[in-house]
Amino acid sequence: MNEYTRHQEFYFHDGNVVIMAEKIAFRIHQGVLSRHSTIFQDMFSLPQPSTHDEGYQIDGLPVVHVSDTADEFAHVVAALYDGGLNLRKSSNYHQPLPFSVVSAYLRLGSKYHLDALREEAIDRLKLCFPTQLKDYDPNLFDATTPTQSLQLGWRPISISRSDFIEVIGLARSFDLRYLLPSAFHACVRMNASLVIDAVESSRISLADLKLIMVSKDFCHGIFLVYSNLLALKPTSENCADPVKCREAITRHERSAVFSSSTGSFGDCLEHIRDESHAVDGLCPACCSMRKQRLEQICTHLWKGLVSISGLDALH
Ligand SMILES: [Zn+2]
């Protein structure tokens with residue numbers, strides 16, 4: 001056997017099979033794996049290589065090589081042994097799962113038919129990358145946002161900006177295309193070099209890079225439409241104090257744009273949906289007009305993202 005390292009946590013002295021992921025050995029139990037996965041069940045029912053052959057054993061046990069990364073495999077073993085399969089019933093359910101864990105649950109849950117893990121991953125991804133505009137909360141991605149201010153009241157996935165691109169990869173690999181509109185919107189806010197790196201390392205296709213660029217242009221265009229509307233007609237026809245309201249709305253929208261996290265026009269959905277605070281000094285008629293305008297703009301933006309994602313037929 002070539003060089004390997006025993007996994008620090010999952011190398012049980014009474015395990016009866018060694019799973020090798022990369023060069024990390026997991027000594028675990030055939031019965032536990034078989035109980036949850038028909039794939040492992042079938043694998044272990046096959047005749048095992050002779051344990052007299054030194055090349056196929058560690059500590060006298062059969063060795064199964066898997067193509068998964070050691071980290072991903074460890075996430076799944078942890079779920080099997082530490083209660084992750086029953087997360088829903090756990091008091092920890094409303095804790096965010098790191099994106100790396102969600103990704104491992106989806107990949108390996110699909111591969112090994114661990115349905116509970118696969119469903120857990122899909123449910124959490126759908127909460128963060130929903131199909132309907134009304135459910136979409138860009139603040140879910142902002143680790144600095146207090147959870148109590150979110151629509152959901154909790155954060156299903158702790159995800160960093162660089163992970164957004166992986167969501168597109170997962171959506172393509174596992175036929176979860178309904179994640180794409182919000183995933184494309186999230187990627188619009190990414191640094192271009194991160195997106196290009198993802199293409200160069202084949203994590204997403206060139207076609208998806210193009211769609212991200214199209215989404216970026218589209219978001220930019222929508223933002224300009226909103227800016228033009230604001231310039232042409234900043235106040236309502238029924239405005240109580242046009243001078244004061246014009247000053248208030250201009251100051252508010254400008255500060256909202258320049259304080260956006262990336263300073264990019266791509267943030268427009270995040271910006272124009274930001275209804276968390278009222279605009280100081282705006283009269284009721286202007287407030288109402290602004291709300292209506294933002295709703296129309298957001299609806300238009302979302303339809304565009306749905307179309308770019310090729311999901312028109314579903315809506
Ligand atoms: Zn007004």
# chains A, B, ... in the order shown; residues from 1 in each chain; ligands from 1

$ residues_near_ligand --ligand "ligand 1" --cutoff "12 Å" --atoms "only C-alpha atoms and all ligand atoms" --output "ChimeraX atom specification"
/A:233-250,279-290

$ write_last_selection --atoms "C-alpha atoms" --output "mmCIF file, in the first residue's frame"
data_model
loop_
_atom_site.group_PDB
_atom_site.id
_atom_site.type_symbol
_atom_site.label_atom_id
_atom_site.label_comp_id
_atom_site.auth_asym_id
_atom_site.auth_seq_id
_atom_site.Cartn_x
_atom_site.Cartn_y
_atom_site.Cartn_z
ATOM 1 C CA LYS A 233 -39.316 62.011 -12.149
ATOM 2 C CA PRO A 234 -37.884 62.022 -8.643
ATOM 3 C CA THR A 235 -41.121 62.925 -6.876
ATOM 4 C CA SER A 236 -44.766 61.951 -7.030
ATOM 5 C CA GLU A 237 -47.395 64.128 -8.706
ATOM 6 C CA ASN A 238 -49.089 64.266 -5.324
ATOM 7 C CA CYS A 239 -45.929 65.181 -3.464
ATOM 8 C CA ALA A 240 -46.403 67.330 -0.389
ATOM 9 C CA ASP A 241 -43.011 69.056 -0.639
ATOM 10 C CA PRO A 242 -41.168 68.401 -3.950
ATOM 11 C CA VAL A 243 -37.997 70.272 -3.036
ATOM 12 C CA LYS A 244 -37.549 68.436 0.234
ATOM 13 C CA CYS A 245 -38.489 65.062 -1.237
ATOM 14 C CA ARG A 246 -36.194 65.438 -4.249
ATOM 15 C CA GLU A 247 -33.306 66.203 -1.940
ATOM 16 C CA ALA A 248 -34.165 63.278 0.355
ATOM 17 C CA ILE A 249 -34.531 60.649 -2.361
ATOM 18 C CA THR A 250 -31.429 61.756 -4.239
ATOM 19 C CA VAL A 279 -36.161 57.107 3.442
ATOM 20 C CA ASP A 280 -35.928 59.967 5.887
ATOM 21 C CA GLY A 281 -37.858 63.048 4.890
ATOM 22 C CA LEU A 282 -39.888 61.460 2.069
ATOM 23 C CA CYS A 283 -43.602 62.301 2.004
ATOM 24 C CA PRO A 284 -46.172 59.445 1.932
ATOM 25 C CA ALA A 285 -46.985 59.956 -1.770
ATOM 26 C CA CYS A 286 -43.303 59.749 -2.739
ATOM 27 C CA CYS A 287 -42.773 56.737 -0.480
ATOM 28 C CA SER A 288 -45.633 54.970 -2.199
ATOM 29 C CA MET A 289 -44.297 55.841 -5.666
ATOM 30 C CA ARG A 290 -40.824 54.623 -4.735
#

$ select_by_dssp --residues "stretch 59-261 of chain A" --states "strand (DSSP E)" --output "PDB file with N, CA and C atoms, in the first residue's frame"
ATOM      1  N   LEU A  61      -7.499  -5.354   6.738  1.00  0.00           N
ATOM      2  CA  LEU A  61      -8.883  -5.089   6.289  1.00  0.00           C
ATOM      3  C   LEU A  61      -8.917  -4.741   4.812  1.00  0.00           C
ATOM      4  N   PRO A  62     -10.034  -5.055   4.169  1.00  0.00           N
ATOM      5  CA  PRO A  62     -10.156  -4.665   2.758  1.00  0.00           C
ATOM      6  C   PRO A  62     -10.143  -3.143   2.615  1.00  0.00           C
ATOM      7  N   VAL A  63      -9.607  -2.677   1.524  1.00  0.00           N
ATOM      8  CA  VAL A  63      -9.526  -1.238   1.280  1.00  0.00           C
ATOM      9  C   VAL A  63     -10.384  -0.896   0.061  1.00  0.00           C
ATOM     10  N   VAL A  64     -11.266   0.072   0.230  1.00  0.00           N
ATOM     11  CA  VAL A  64     -12.087   0.548  -0.890  1.00  0.00           C
ATOM     12  C   VAL A  64     -11.618   1.956  -1.235  1.00  0.00           C
ATOM     13  N   HIS A  65     -11.209   2.142  -2.466  1.00  0.00           N
ATOM     14  CA  HIS A  65     -10.778   3.475  -2.897  1.00  0.00           C
ATOM     15  C   HIS A  65     -11.976   4.233  -3.465  1.00  0.00           C
ATOM     16  N   VAL A  66     -12.142   5.464  -3.016  1.00  0.00           N
ATOM     17  CA  VAL A  66     -13.213   6.303  -3.578  1.00  0.00           C
ATOM     18  C   VAL A  66     -12.571   7.535  -4.230  1.00  0.00           C
ATOM     19  N   LEU A  97     -25.181  25.609   7.946  1.00  0.00           N
ATOM     20  CA  LEU A  97     -24.188  24.605   7.582  1.00  0.00           C
ATOM     21  C   LEU A  97     -23.173  25.282   6.669  1.00  0.00           C
ATOM     22  N   PRO A  98     -21.891  25.030   6.858  1.00  0.00           N
ATOM     23  CA  PRO A  98     -20.918  25.598   5.922  1.00  0.00           C
ATOM     24  C   PRO A  98     -21.199  25.111   4.499  1.00  0.00           C
ATOM     25  N   ILE A 157     -27.223  28.432   5.140  1.00  0.00           N
ATOM     26  CA  ILE A 157     -25.862  28.069   4.700  1.00  0.00           C
ATOM     27  C   ILE A 157     -24.935  29.239   5.023  1.00  0.00           C
ATOM     28  N   SER A 158     -23.786  28.942   5.598  1.00  0.00           N
ATOM     29  CA  SER A 158     -22.794  30.022   5.666  1.00  0.00           C
ATOM     30  C   SER A 158     -21.942  29.907   4.409  1.00  0.00           C
TER      31      SER A 158
END

$ select_by_dssp --residues "stretch 3-190 of chain A" --states "helix (DSSP H, G or I)" --output "ChimeraX atom specification"
/A:30-36,38-45,54-56,70-82,84-89,99-111,115-128,133-135,138-141,147-149,161-173,177-188

$ residues_around --residues "stretch 6-11 of chain A" --least-positions-apart "6" --cutoff "8 Å" --atoms "only C-alpha atoms" --output "compact mmCIF listing (two decimals) with N, CA and C atoms, in the first residue's frame"
# COMPACT_ATOMS: atom_id res chain seq x y z
N ILE A 24 -6.10 9.62 2.49
CA ILE A 24 -6.56 9.56 3.88
C ILE A 24 -7.40 8.30 4.07
N ALA A 25 -7.03 7.51 5.08
CA ALA A 25 -7.74 6.25 5.35
C ALA A 25 -8.78 6.45 6.46
N PHE A 26 -10.01 6.00 6.16
CA PHE A 26 -11.10 6.02 7.14
C PHE A 26 -11.38 4.56 7.51
N ARG A 27 -11.21 4.23 8.79
CA ARG A 27 -11.54 2.85 9.20
C ARG A 27 -12.91 2.92 9.86
N ILE A 28 -13.89 2.45 9.13
CA ILE A 28 -15.27 2.59 9.62
C ILE A 28 -15.97 1.23 9.52
N ALA A 74 -15.20 12.99 4.72
CA ALA A 74 -15.26 13.17 6.18
C ALA A 74 -16.58 13.83 6.59
N VAL A 77 -19.14 11.02 6.53
CA VAL A 77 -18.95 10.07 7.64
C VAL A 77 -19.41 10.72 8.95

$ residues_around --residues "A:Leu127" --least-positions-apart "4" --cutoff "12 Å" --atoms "only C-alpha atoms" --output "tab-separated table (two decimals) with N, CA and C atoms, in the first residue's frame"
chain	number	residue	atom	x	y	z
A	96	PRO	N	-26.51	27.51	10.67
A	96	PRO	CA	-26.03	27.45	9.29
A	96	PRO	C	-25.05	26.28	9.09
A	120	GLU	N	-31.34	17.31	2.37
A	120	GLU	CA	-30.95	18.39	3.28
A	120	GLU	C	-30.21	19.49	2.51
A	121	ALA	N	-29.30	19.06	1.65
A	121	ALA	CA	-28.52	20.03	0.86
A	121	ALA	C	-29.43	20.81	-0.08
A	122	ILE	N	-30.32	20.11	-0.77
A	122	ILE	CA	-31.19	20.78	-1.74
A	122	ILE	C	-32.12	21.76	-1.03
A	123	ASP	N	-32.67	21.36	0.11
A	123	ASP	CA	-33.58	22.26	0.85
A	123	ASP	C	-32.86	23.54	1.24
A	131	THR	N	-36.60	30.16	-6.16
A	131	THR	CA	-37.08	30.34	-7.53
A	131	THR	C	-37.92	31.60	-7.68
A	132	GLN	N	-38.45	32.11	-6.57
A	132	GLN	CA	-39.33	33.27	-6.65
A	132	GLN	C	-38.65	34.50	-6.07
A	133	LEU	N	-38.88	35.61	-6.74
A	133	LEU	CA	-38.28	36.86	-6.28
A	133	LEU	C	-38.68	37.18	-4.83
A	134	LYS	N	-39.93	36.92	-4.50
A	134	LYS	CA	-40.41	37.29	-3.16
A	134	LYS	C	-39.62	36.57	-2.06
A	135	ASP	N	-39.05	35.42	-2.41
A	135	ASP	CA	-38.32	34.64	-1.40
A	135	ASP	C	-36.84	34.95	-1.37
A	136	TYR	N	-36.39	35.76	-2.31
A	136	TYR	CA	-34.95	35.97	-2.45
A	136	TYR	C	-34.48	37.07	-1.50
A	137	ASP	N	-33.48	36.75	-0.75
A	137	ASP	CA	-32.95	37.69	0.23
A	137	ASP	C	-31.43	37.77	0.07
A	138	PRO	N	-30.95	38.75	-0.71
A	138	PRO	CA	-29.51	38.84	-0.93
A	138	PRO	C	-28.73	39.00	0.37
A	140	LEU	N	-28.90	37.24	2.84
A	140	LEU	CA	-28.52	35.93	3.37
A	140	LEU	C	-27.04	35.65	3.15
A	141	PHE	N	-26.48	36.32	2.15
A	141	PHE	CA	-25.09	36.04	1.81
A	141	PHE	C	-24.13	36.92	2.59
A	150	LEU	N	-33.34	38.80	8.91
A	150	LEU	CA	-33.62	38.12	7.65
A	150	LEU	C	-35.07	37.66	7.60
A	151	GLN	N	-35.56	37.53	6.37
A	151	GLN	CA	-36.93	37.03	6.20
A	151	GLN	C	-37.12	35.69	6.89
A	152	LEU	N	-36.11	34.83	6.75
A	152	LEU	CA	-36.22	33.48	7.29
A	152	LEU	C	-36.05	33.44	8.80
A	153	GLY	N	-35.28	34.37	9.31
A	153	GLY	CA	-34.98	34.36	10.73
A	153	GLY	C	-33.77	33.50	11.07
A	154	TRP	N	-33.23	32.81	10.07
A	154	TRP	CA	-32.00	32.02	10.29
A	154	TRP	C	-31.27	31.90	8.97
A	155	ARG	N	-30.03	31.45	9.03
A	155	ARG	CA	-29.20	31.40	7.84
A	155	ARG	C	-28.94	29.92	7.51
A	156	PRO	N	-29.53	29.40	6.44
A	156	PRO	CA	-29.38	27.97	6.17
A	156	PRO	C	-27.94	27.54	5.82
A	157	ILE	N	-27.22	28.43	5.14
A	157	ILE	CA	-25.86	28.07	4.70
A	157	ILE	C	-24.93	29.24	5.02
A	178	TYR	N	-33.30	25.37	-11.24
A	178	TYR	CA	-34.10	26.43	-10.61
A	178	TYR	C	-33.29	27.28	-9.64
A	179	LEU	N	-32.08	26.84	-9.30
A	179	LEU	CA	-31.21	27.66	-8.44
A	179	LEU	C	-30.54	28.79	-9.23
A	182	SER	N	-31.07	33.14	-9.03
A	182	SER	CA	-30.45	33.83	-7.89
A	182	SER	C	-28.95	33.55	-7.83
A	183	ALA	N	-28.52	32.38	-8.34
A	183	ALA	CA	-27.07	32.10	-8.36
A	183	ALA	C	-26.37	33.04	-9.34

$ decode --residues "stretch 91-120 of chain A" --atoms "C-alpha atoms" --output "PDB file, in the first residue's frame"
ATOM      1  CA  SER A  91     -32.200  21.426  18.129  1.00  0.00           C
ATOM      2  CA  ASN A  92     -29.272  22.526  15.974  1.00  0.00           C
ATOM      3  CA  TYR A  93     -31.343  22.444  12.797  1.00  0.00           C
ATOM      4  CA  HIS A  94     -31.519  26.211  12.434  1.00  0.00           C
ATOM      5  CA  GLN A  95     -27.770  26.581  12.551  1.00  0.00           C
ATOM      6  CA  PRO A  96     -26.029  27.446   9.291  1.00  0.00           C
ATOM      7  CA  LEU A  97     -24.188  24.605   7.582  1.00  0.00           C
ATOM      8  CA  PRO A  98     -20.918  25.598   5.922  1.00  0.00           C
ATOM      9  CA  PHE A  99     -21.181  25.574   2.138  1.00  0.00           C
ATOM     10  CA  SER A 100     -18.468  22.895   1.931  1.00  0.00           C
ATOM     11  CA  VAL A 101     -20.708  20.563   3.968  1.00  0.00           C
ATOM     12  CA  VAL A 102     -23.806  21.315   1.874  1.00  0.00           C
ATOM     13  CA  SER A 103     -21.822  20.670  -1.288  1.00  0.00           C
ATOM     14  CA  ALA A 104     -20.486  17.357   0.085  1.00  0.00           C
ATOM     15  CA  TYR A 105     -24.004  16.283   1.139  1.00  0.00           C
ATOM     16  CA  LEU A 106     -25.294  16.958  -2.365  1.00  0.00           C
ATOM     17  CA  ARG A 107     -22.407  15.354  -4.247  1.00  0.00           C
ATOM     18  CA  LEU A 108     -21.906  12.283  -2.111  1.00  0.00           C
ATOM     19  CA  GLY A 109     -25.551  12.041  -1.113  1.00  0.00           C
ATOM     20  CA  SER A 110     -26.384  11.728  -4.818  1.00  0.00           C
ATOM     21  CA  LYS A 111     -23.503   9.393  -5.585  1.00  0.00           C
ATOM     22  CA  TYR A 112     -24.088   6.982  -2.697  1.00  0.00           C
ATOM     23  CA  HIS A 113     -27.888   7.316  -2.586  1.00  0.00           C
ATOM     24  CA  LEU A 114     -27.834   8.916   0.844  1.00  0.00           C
ATOM     25  CA  ASP A 115     -31.184  10.548   0.239  1.00  0.00           C
ATOM     26  CA  ALA A 116     -31.503  12.353   3.574  1.00  0.00           C
ATOM     27  CA  LEU A 117     -28.211  14.168   3.008  1.00  0.00           C
ATOM     28  CA  ARG A 118     -29.051  15.018  -0.583  1.00  0.00           C
ATOM     29  CA  GLU A 119     -32.443  16.413   0.427  1.00  0.00           C
ATOM     30  CA  GLU A 120     -30.946  18.393   3.284  1.00  0.00           C
TER      31      GLU A 120
END
